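Take a look at the structure set out below.
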Amino acid sequence: MSSDLVGELPKAELHVHIEGTLEPDLMLALGERNGVPLPYASVEEALEAYEFTDLQSFLEVYYEGARVLQREEDFHDLTQAYLERARRDNVVHAEIFFDPQAHTERGVKFEVVLEGILSALDAADAELGMTSRLILCFLRHLSPEQAMATLEQALPHRDAIVGVGLDSSELGNPPSRFARVFDRAREEGFLTVAHAGEEGPPEYIWEALNELHVRRIDHGVRCLEDDRLVERLRRDRVPLTVCPLSNVKLRVFDRIESHSIARLLDAGLCVTVNSDDPAYFGGYINDNYRAVRDAHEIDRAGLVQLARNSFVGSFLDDAAKSRHLAELDRLASGTS
Ligand code: ADE
Ligand code: ZN
């Protein structure tokens with residue numbers, strides 16, 4: 001086996017929140033640049049504060065950090081830093097979430113957020129040979145009416161945004177609350193995804209499938225509590241965007257060894273590995289691959305399968321998927 005197959009495998013990242021890639025050094029620099037006070041005086045202090053007990057305890061820190069993002073160039077710098085870092089992990093395609101409501105609620109214009117992100121995505125395509133798609137997430141702790149207003153803001157930018165998702169505080173905010181917003185989004189041509197079964201019960205995954213008509217489930221790790229649900233996900237080849245280090249950091253699993261990823265794979269599900277909020281969870285995508293490889297003895301074929309799933313589950317067109325899969329096959333058979 002190659003000494004660093006994980007590093008060599010081209011891969012797609014399908015679950016990363018751009019606001020969750022805000023490294024402490026950039027956060028501190030932007031706080032300074034924009035005159036936004038932060039509770040941390042140094043990178044070390046920030047890292048020490050990143051101890052979470054659950055999703056909610058993380059989200060409070062995440063939204064606080066996002067306050068330093070104010071101008072178009074801030075969103076550009078943030079996105080550029082993520083893309084360069086991900087490219088070093090051999091990410092050749094990234095499908096990136098953004099949370100416009102975390103910014104418009106503070107008076108930052110939707111277009112400022114979007115244009116800053118898009119200019120960095122365009123540059124990465126030209127300079128790094130890296131493709132991308134953008135997914136707008138609605139914050140589920142806010143109302144469906146606020147989500148609908150956010151969707152209206154996105155409509156003039158329909159061509160720049162491939163789909164909509166649902167994130168933030170899961171418990172008590174079931175997908176069905178947002179069924180009408182997602183109906184409208186699909187009518188307007190957006191693809192749909194949703195965080196479900198991270199902390200929430202299998203019922204939330206059923207709702208995401210049946211009421212939001214999602215193409216992928218973000219996380220979905222609690223599906224194993226319901227055999228019928230596993231069968232549905234397997235039969236319909238619904239990709240799960242699993243984020244192993246996130247799940248340990250947010251105490252969905254107490255350690256990486258008890259993560260359910262091997263059982264999800266054994267159940268025949270289309271599992272992908274992703275970083276979620278890498279600046280807060282201690283690792284980018286390759287750290288996630290290596291953590292599950294080591295803890296669950298995932299062999300060469302298993303790692304290649306995970307990388308394959310990332311392209312199969314992506315929103316790339318069939319020709320691009322085929323190109324990436326052929327490249328993976330060449331690499332896996334040692335003929336590259
Ligand atoms: N927003 C950013 N990261 C998230 C996560 N892991 N779950 C829900 N919402 C999020
Ligand atoms: Zn997420």
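All residue names refer to the structure tokens as shown: chains lettered A, B, ... in order, residues numbered from 1 in each chain, ligands numbered from 1 in order.
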
### Message
If we count only C-alpha atoms and set the cut-off at 9 Å, which residues sit around Arg251 (chain A), ignoring sequence neighbours fewer than 2 positions away in its own chain? Please answer as a list in words.
### Response
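Here the answer would be Phe52, Thr53, Asp54, Leu55, Ser246, Asn247, Val248, Lys249, Phe253, Asp254 and Arg255 of chain A.
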
Write out, as a JSON list (two decimals), in the first residue's frame, the residues just selected, with all heavy atoms.
[["chain", "number", "residue", "atom", "x", "y", "z"],
["A", 52, "PHE", "N", -16.38, 21.71, 23.42],
["A", 52, "PHE", "CA", -17.83, 21.76, 23.28],
["A", 52, "PHE", "C", -18.49, 20.56, 23.96],
["A", 52, "PHE", "O", -17.90, 19.48, 24.03],
["A", 52, "PHE", "CB", -18.21, 21.80, 21.79],
["A", 52, "PHE", "CG", -17.43, 22.85, 21.03],
["A", 52, "PHE", "CD1", -16.52, 22.49, 20.04],
["A", 52, "PHE", "CD2", -17.59, 24.20, 21.33],
["A", 52, "PHE", "CE1", -15.80, 23.46, 19.34],
["A", 52, "PHE", "CE2", -16.86, 25.18, 20.65],
["A", 52, "PHE", "CZ", -15.97, 24.80, 19.65],
["A", 53, "THR", "N", -19.72, 20.80, 24.44],
["A", 53, "THR", "CA", -20.44, 19.70, 25.09],
["A", 53, "THR", "C", -21.53, 19.14, 24.20],
["A", 53, "THR", "O", -22.03, 18.03, 24.42],
["A", 53, "THR", "CB", -21.09, 20.19, 26.41],
["A", 53, "THR", "OG1", -21.83, 21.40, 26.11],
["A", 53, "THR", "CG2", -20.04, 20.49, 27.46],
["A", 54, "ASP", "N", -21.93, 19.91, 23.21],
["A", 54, "ASP", "CA", -22.97, 19.48, 22.26],
["A", 54, "ASP", "C", -23.01, 20.48, 21.10],
["A", 54, "ASP", "O", -22.21, 21.42, 21.06],
["A", 54, "ASP", "CB", -24.35, 19.38, 22.95],
["A", 54, "ASP", "CG", -24.76, 20.69, 23.61],
["A", 54, "ASP", "OD1", -24.11, 21.73, 23.35],
["A", 54, "ASP", "OD2", -25.73, 20.69, 24.38],
["A", 55, "LEU", "N", -23.94, 20.29, 20.18],
["A", 55, "LEU", "CA", -24.03, 21.18, 19.01],
["A", 55, "LEU", "C", -24.28, 22.62, 19.43],
["A", 55, "LEU", "O", -23.63, 23.55, 18.92],
["A", 55, "LEU", "CB", -25.15, 20.67, 18.08],
["A", 55, "LEU", "CG", -25.49, 21.54, 16.86],
["A", 55, "LEU", "CD1", -24.27, 21.76, 15.97],
["A", 55, "LEU", "CD2", -26.64, 20.90, 16.06],
["A", 246, "SER", "N", -16.02, 16.06, 13.71],
["A", 246, "SER", "CA", -17.09, 16.92, 14.23],
["A", 246, "SER", "C", -17.93, 16.13, 15.24],
["A", 246, "SER", "O", -18.24, 16.63, 16.33],
["A", 246, "SER", "CB", -17.97, 17.38, 13.07],
["A", 246, "SER", "OG", -19.22, 17.86, 13.51],
["A", 247, "ASN", "N", -18.30, 14.91, 14.86],
["A", 247, "ASN", "CA", -19.18, 14.12, 15.73],
["A", 247, "ASN", "C", -18.53, 13.82, 17.08],
["A", 247, "ASN", "O", -19.23, 13.71, 18.09],
["A", 247, "ASN", "CB", -19.57, 12.80, 15.06],
["A", 247, "ASN", "CG", -20.47, 12.97, 13.85],
["A", 247, "ASN", "OD1", -20.47, 12.14, 12.95],
["A", 247, "ASN", "ND2", -21.26, 14.03, 13.82],
["A", 248, "VAL", "N", -17.20, 13.68, 17.09],
["A", 248, "VAL", "CA", -16.52, 13.44, 18.38],
["A", 248, "VAL", "C", -16.45, 14.74, 19.16],
["A", 248, "VAL", "O", -16.74, 14.80, 20.36],
["A", 248, "VAL", "CB", -15.13, 12.83, 18.15],
["A", 248, "VAL", "CG1", -14.37, 12.70, 19.47],
["A", 248, "VAL", "CG2", -15.25, 11.46, 17.47],
["A", 249, "LYS", "N", -16.08, 15.83, 18.49],
["A", 249, "LYS", "CA", -15.93, 17.13, 19.15],
["A", 249, "LYS", "C", -17.27, 17.58, 19.77],
["A", 249, "LYS", "O", -17.30, 18.20, 20.83],
["A", 249, "LYS", "CB", -15.48, 18.12, 18.09],
["A", 249, "LYS", "CG", -14.45, 19.17, 18.35],
["A", 249, "LYS", "CD", -13.33, 19.00, 19.24],
["A", 249, "LYS", "CE", -12.81, 20.39, 19.64],
["A", 249, "LYS", "NZ", -11.82, 20.44, 20.65],
["A", 253, "PHE", "N", -20.54, 11.04, 19.42],
["A", 253, "PHE", "CA", -19.86, 9.79, 19.82],
["A", 253, "PHE", "C", -18.77, 10.18, 20.81],
["A", 253, "PHE", "O", -18.17, 11.26, 20.68],
["A", 253, "PHE", "CB", -19.23, 9.09, 18.61],
["A", 253, "PHE", "CG", -20.24, 8.66, 17.59],
["A", 253, "PHE", "CD1", -20.48, 9.43, 16.46],
["A", 253, "PHE", "CD2", -20.99, 7.50, 17.76],
["A", 253, "PHE", "CE1", -21.44, 9.06, 15.53],
["A", 253, "PHE", "CE2", -21.95, 7.11, 16.83],
["A", 253, "PHE", "CZ", -22.18, 7.90, 15.72],
["A", 254, "ASP", "N", -18.52, 9.31, 21.80],
["A", 254, "ASP", "CA", -17.55, 9.73, 22.83],
["A", 254, "ASP", "C", -16.11, 9.65, 22.33],
["A", 254, "ASP", "O", -15.25, 10.38, 22.82],
["A", 254, "ASP", "CB", -17.77, 8.97, 24.15],
["A", 254, "ASP", "CG", -17.63, 7.48, 23.99],
["A", 254, "ASP", "OD1", -17.41, 7.02, 22.83],
["A", 254, "ASP", "OD2", -17.75, 6.76, 24.99],
["A", 255, "ARG", "N", -15.83, 8.77, 21.37],
["A", 255, "ARG", "CA", -14.49, 8.74, 20.78],
["A", 255, "ARG", "C", -14.59, 8.24, 19.33],
["A", 255, "ARG", "O", -15.61, 7.65, 18.95],
["A", 255, "ARG", "CB", -13.52, 7.87, 21.57],
["A", 255, "ARG", "CG", -14.14, 6.78, 22.40],
["A", 255, "ARG", "CD", -13.18, 6.27, 23.45],
["A", 255, "ARG", "NE", -12.66, 4.97, 23.02],
["A", 255, "ARG", "CZ", -13.39, 3.86, 23.05],
["A", 255, "ARG", "NH1", -14.63, 3.88, 23.48],
["A", 255, "ARG", "NH2", -12.87, 2.73, 22.64]]

#### Entry: Neighbour list for Gln305 (chain A) as a list in words, cut-off 12 Å, only C-alpha atoms, skip fewer than 2 positions in-chain
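Final neighbour list, sorted by chain and number: Val6, Leu9, Pro10, Lys11, Leu265, Gly268, Leu269, Cys270, Val271, Thr272, Val273, Tyr289, Ile298, Asp299, Arg300, Ala301, Gly302, Leu303, Ala307, Arg308, Asn309, Ser310, Phe311, Val312, Gly313, Leu325, Leu328, Asp329 and Ala332 of chain A.
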
### Task
Within 12 Å of ligand 2, which residues show up when you count only C-alpha atoms and all ligand atoms? List them as number ranges by chain, please.
A: 13-21, 55, 58-59, 62, 95-99, 135, 137-139, 165-170, 193-199, 217-220, 240-247, 250, 273-278, 280-281

### Task
Run DSSP on the backbone and give me the residues of region 26-108 of chain A it puts in strand (DSSP E), as a PyMOL selection string.
chain A and resi 91-98

Output N, CA and C atoms for every residue in the selection just made, as a compact mmCIF listing (two decimals), in the first residue's frame.
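out.txt written:
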# COMPACT_ATOMS: atom_id res chain seq x y z
N VAL A 91 -8.35 17.98 -2.38
CA VAL A 91 -9.77 18.22 -2.70
C VAL A 91 -9.79 18.91 -4.06
N VAL A 92 -10.45 18.26 -5.03
CA VAL A 92 -10.49 18.83 -6.38
C VAL A 92 -11.86 19.44 -6.68
N HIS A 93 -12.80 19.18 -5.78
CA HIS A 93 -14.15 19.74 -5.94
C HIS A 93 -14.75 19.95 -4.55
N ALA A 94 -15.33 21.13 -4.31
CA ALA A 94 -15.90 21.41 -2.98
C ALA A 94 -17.31 21.95 -3.12
N GLU A 95 -18.22 21.41 -2.33
CA GLU A 95 -19.60 21.92 -2.28
C GLU A 95 -19.77 22.55 -0.91
N ILE A 96 -19.87 23.87 -0.92
CA ILE A 96 -19.65 24.67 0.28
C ILE A 96 -20.96 25.29 0.78
N PHE A 97 -21.23 25.10 2.07
CA PHE A 97 -22.39 25.76 2.69
C PHE A 97 -22.03 27.18 3.08
N PHE A 98 -23.01 28.08 2.98
CA PHE A 98 -22.87 29.37 3.63
C PHE A 98 -24.18 29.71 4.33

### Message
So, with only C-alpha atoms as the atoms that count, which of A:Leu224, A:Val252, A:Val43, A:Leu151 lies closest to Phe178 (chain A)?
### Response
A:Leu151

Excluding same-chain residues fewer than 5 positions from Glu225 (chain A), what lies within 9 Å of it counting only C-alpha atoms, as an mmCIF file with C-alpha atoms, in the first residue's frame?
data_model
loop_
_atom_site.group_PDB
_atom_site.id
_atom_site.type_symbol
_atom_site.label_atom_id
_atom_site.label_comp_id
_atom_site.auth_asym_id
_atom_site.auth_seq_id
_atom_site.Cartn_x
_atom_site.Cartn_y
_atom_site.Cartn_z
ATOM 1 C CA PRO A 201 -33.856 11.321 15.822
ATOM 2 C CA PRO A 202 -34.341 9.100 12.741
ATOM 3 C CA VAL A 230 -31.383 2.281 6.571
#

### Task
May I have the residues within 12 Å of Ala147 (chain A) as a PyMOL selection string, using only C-alpha atoms and disregarding those fewer than 2 positions away in the same chain?
chain A and resi 99-102+104-105+136-145+149-154+164-167+177-182+184-185

### Query
When distances are computed from only C-alpha atoms, which of A:Glu48, A:Asp125, A:Glu203, A:Asp266 shows the smallest separation from Arg234 (chain A)?
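Checking each of A:Glu48, A:Asp125, A:Glu203, A:Asp266 against Arg234 (chain A), counting only C-alpha atoms, the winner is A:Asp266.
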
### Message
Restricting the calculation to only C-alpha atoms and all ligand atoms: of A:Ala66, A:Ala46, A:Leu191, A:Leu209, which residue gets closest to ligand 1?
### Response
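Distance minimum relative to ligand 1 lands on A:Ala66.
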
### Task
DSSP on the backbone, then: every residue of region 29-246 of chain A marked alpha helix (DSSP H), written as a VMD selection string.
chain A and resid 29 to 34 43 to 49 55 to 66 72 to 88 101 to 104 110 to 128 144 to 154 179 to 187 202 to 210 227 to 235 244 to 246

#### Entry: Closest of A:Pro24, A:Pro39, A:Gly200, A:Gly283 to ligand 1 - atom-to-atom distances counting only C-alpha atoms and all ligand atoms
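Among the listed residues, A:Gly200 lies closest to ligand 1.
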
### Exercise: Glu188 (chain A) partners within 9 Å, only C-alpha atoms, chain neighbours under 5 positions left out, as a PyMOL selection string
chain A and resi 155+158+183

### Task
Tell me, in Å to one decimal, how far CA of Val304 (chain A) is from CA of Gly129 (chain A).
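Result for CA of Val304 (chain A) versus CA of Gly129 (chain A): 21.4 Å, one decimal.
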
### region 80-82 of chain A environment, 10 Å, only C-alpha atoms, sequence neighbours closer than 5 positions dropped, as a list of chain:residue names
A:Val16, A:Ile18, A:Glu19, A:Gly20, A:Thr21, A:Leu22, A:Glu23, A:Leu26, A:Asp74, A:Phe75, A:Arg87, A:Gly116, A:Ile117, A:Leu118, A:Ser119, A:Ala120, A:Leu121, A:Asp122, A:Ala123, A:Ala124, A:Pro278, A:Ala279, A:Tyr284

With N, CA, C and O atoms retained, export the selected residues as a JSON list (two decimals), in the first residue's frame.
[["chain", "number", "residue", "atom", "x", "y", "z"],
["A", 16, "VAL", "N", -19.00, 21.23, 4.22],
["A", 16, "VAL", "CA", -18.11, 22.17, 4.90],
["A", 16, "VAL", "C", -18.82, 23.52, 4.94],
["A", 16, "VAL", "O", -19.35, 23.99, 3.94],
["A", 18, "ILE", "N", -18.55, 27.38, 5.26],
["A", 18, "ILE", "CA", -17.44, 28.32, 5.05],
["A", 18, "ILE", "C", -17.14, 29.09, 6.33],
["A", 18, "ILE", "O", -15.97, 29.34, 6.65],
["A", 19, "GLU", "N", -18.17, 29.41, 7.11],
["A", 19, "GLU", "CA", -17.92, 30.14, 8.37],
["A", 19, "GLU", "C", -17.18, 29.27, 9.38],
["A", 19, "GLU", "O", -16.56, 29.79, 10.31],
["A", 20, "GLY", "N", -17.25, 27.96, 9.18],
["A", 20, "GLY", "CA", -16.57, 27.02, 10.08],
["A", 20, "GLY", "C", -15.12, 26.77, 9.69],
["A", 20, "GLY", "O", -14.43, 25.95, 10.29],
["A", 21, "THR", "N", -14.67, 27.48, 8.64],
["A", 21, "THR", "CA", -13.26, 27.36, 8.24],
["A", 21, "THR", "C", -12.47, 28.58, 8.70],
["A", 21, "THR", "O", -11.32, 28.77, 8.29],
["A", 22, "LEU", "N", -13.10, 29.41, 9.54],
["A", 22, "LEU", "CA", -12.45, 30.64, 10.01],
["A", 22, "LEU", "C", -11.42, 30.29, 11.09],
["A", 22, "LEU", "O", -11.76, 30.08, 12.25],
["A", 23, "GLU", "N", -10.16, 30.23, 10.68],
["A", 23, "GLU", "CA", -9.08, 29.87, 11.61],
["A", 23, "GLU", "C", -8.87, 31.03, 12.60],
["A", 23, "GLU", "O", -9.05, 32.20, 12.25],
["A", 26, "LEU", "N", -6.92, 34.17, 11.36],
["A", 26, "LEU", "CA", -7.69, 35.05, 10.48],
["A", 26, "LEU", "C", -8.80, 35.76, 11.27],
["A", 26, "LEU", "O", -9.08, 36.95, 11.05],
["A", 74, "ASP", "N", -13.55, 40.29, 3.33],
["A", 74, "ASP", "CA", -13.44, 39.32, 4.43],
["A", 74, "ASP", "C", -13.93, 37.94, 3.98],
["A", 74, "ASP", "O", -13.31, 36.91, 4.27],
["A", 75, "PHE", "N", -15.08, 37.94, 3.28],
["A", 75, "PHE", "CA", -15.63, 36.67, 2.79],
["A", 75, "PHE", "C", -14.72, 36.07, 1.72],
["A", 75, "PHE", "O", -14.56, 34.85, 1.64],
["A", 87, "ARG", "N", -7.16, 22.29, -1.10],
["A", 87, "ARG", "CA", -6.42, 21.81, -2.28],
["A", 87, "ARG", "C", -5.18, 21.03, -1.86],
["A", 87, "ARG", "O", -4.80, 20.06, -2.52],
["A", 116, "GLY", "N", -18.28, 38.11, -2.17],
["A", 116, "GLY", "CA", -16.97, 37.81, -1.58],
["A", 116, "GLY", "C", -16.62, 36.34, -1.74],
["A", 116, "GLY", "O", -15.48, 35.98, -2.10],
["A", 117, "ILE", "N", -17.60, 35.48, -1.48],
["A", 117, "ILE", "CA", -17.35, 34.03, -1.62],
["A", 117, "ILE", "C", -17.12, 33.68, -3.09],
["A", 117, "ILE", "O", -16.16, 32.97, -3.43],
["A", 118, "LEU", "N", -17.98, 34.21, -3.96],
["A", 118, "LEU", "CA", -17.91, 33.82, -5.38],
["A", 118, "LEU", "C", -16.60, 34.22, -6.04],
["A", 118, "LEU", "O", -16.06, 33.48, -6.86],
["A", 119, "SER", "N", -16.06, 35.39, -5.68],
["A", 119, "SER", "CA", -14.82, 35.81, -6.34],
["A", 119, "SER", "C", -13.68, 34.85, -5.97],
["A", 119, "SER", "O", -12.81, 34.56, -6.80],
["A", 120, "ALA", "N", -13.71, 34.32, -4.75],
["A", 120, "ALA", "CA", -12.68, 33.34, -4.36],
["A", 120, "ALA", "C", -12.91, 32.00, -5.07],
["A", 120, "ALA", "O", -11.94, 31.32, -5.46],
["A", 121, "LEU", "N", -14.16, 31.60, -5.23],
["A", 121, "LEU", "CA", -14.45, 30.33, -5.92],
["A", 121, "LEU", "C", -13.99, 30.41, -7.38],
["A", 121, "LEU", "O", -13.38, 29.47, -7.90],
["A", 122, "ASP", "N", -14.24, 31.56, -8.01],
["A", 122, "ASP", "CA", -13.82, 31.73, -9.42],
["A", 122, "ASP", "C", -12.30, 31.68, -9.54],
["A", 122, "ASP", "O", -11.75, 31.06, -10.45],
["A", 123, "ALA", "N", -11.62, 32.34, -8.60],
["A", 123, "ALA", "CA", -10.15, 32.35, -8.64],
["A", 123, "ALA", "C", -9.60, 30.94, -8.44],
["A", 123, "ALA", "O", -8.62, 30.56, -9.10],
["A", 124, "ALA", "N", -10.23, 30.16, -7.58],
["A", 124, "ALA", "CA", -9.73, 28.79, -7.33],
["A", 124, "ALA", "C", -9.92, 27.92, -8.56],
["A", 124, "ALA", "O", -9.10, 27.05, -8.85],
["A", 278, "PRO", "N", -13.84, 22.77, 10.05],
["A", 278, "PRO", "CA", -12.50, 22.30, 10.38],
["A", 278, "PRO", "C", -11.70, 23.23, 11.30],
["A", 278, "PRO", "O", -10.86, 22.74, 12.07],
["A", 279, "ALA", "N", -11.97, 24.53, 11.26],
["A", 279, "ALA", "CA", -11.20, 25.44, 12.12],
["A", 279, "ALA", "C", -11.54, 25.22, 13.59],
["A", 279, "ALA", "O", -10.75, 25.56, 14.47],
["A", 284, "TYR", "N", -8.88, 19.01, 8.96],
["A", 284, "TYR", "CA", -9.46, 19.16, 7.61],
["A", 284, "TYR", "C", -9.81, 17.76, 7.08],
["A", 284, "TYR", "O", -9.79, 16.78, 7.84]]
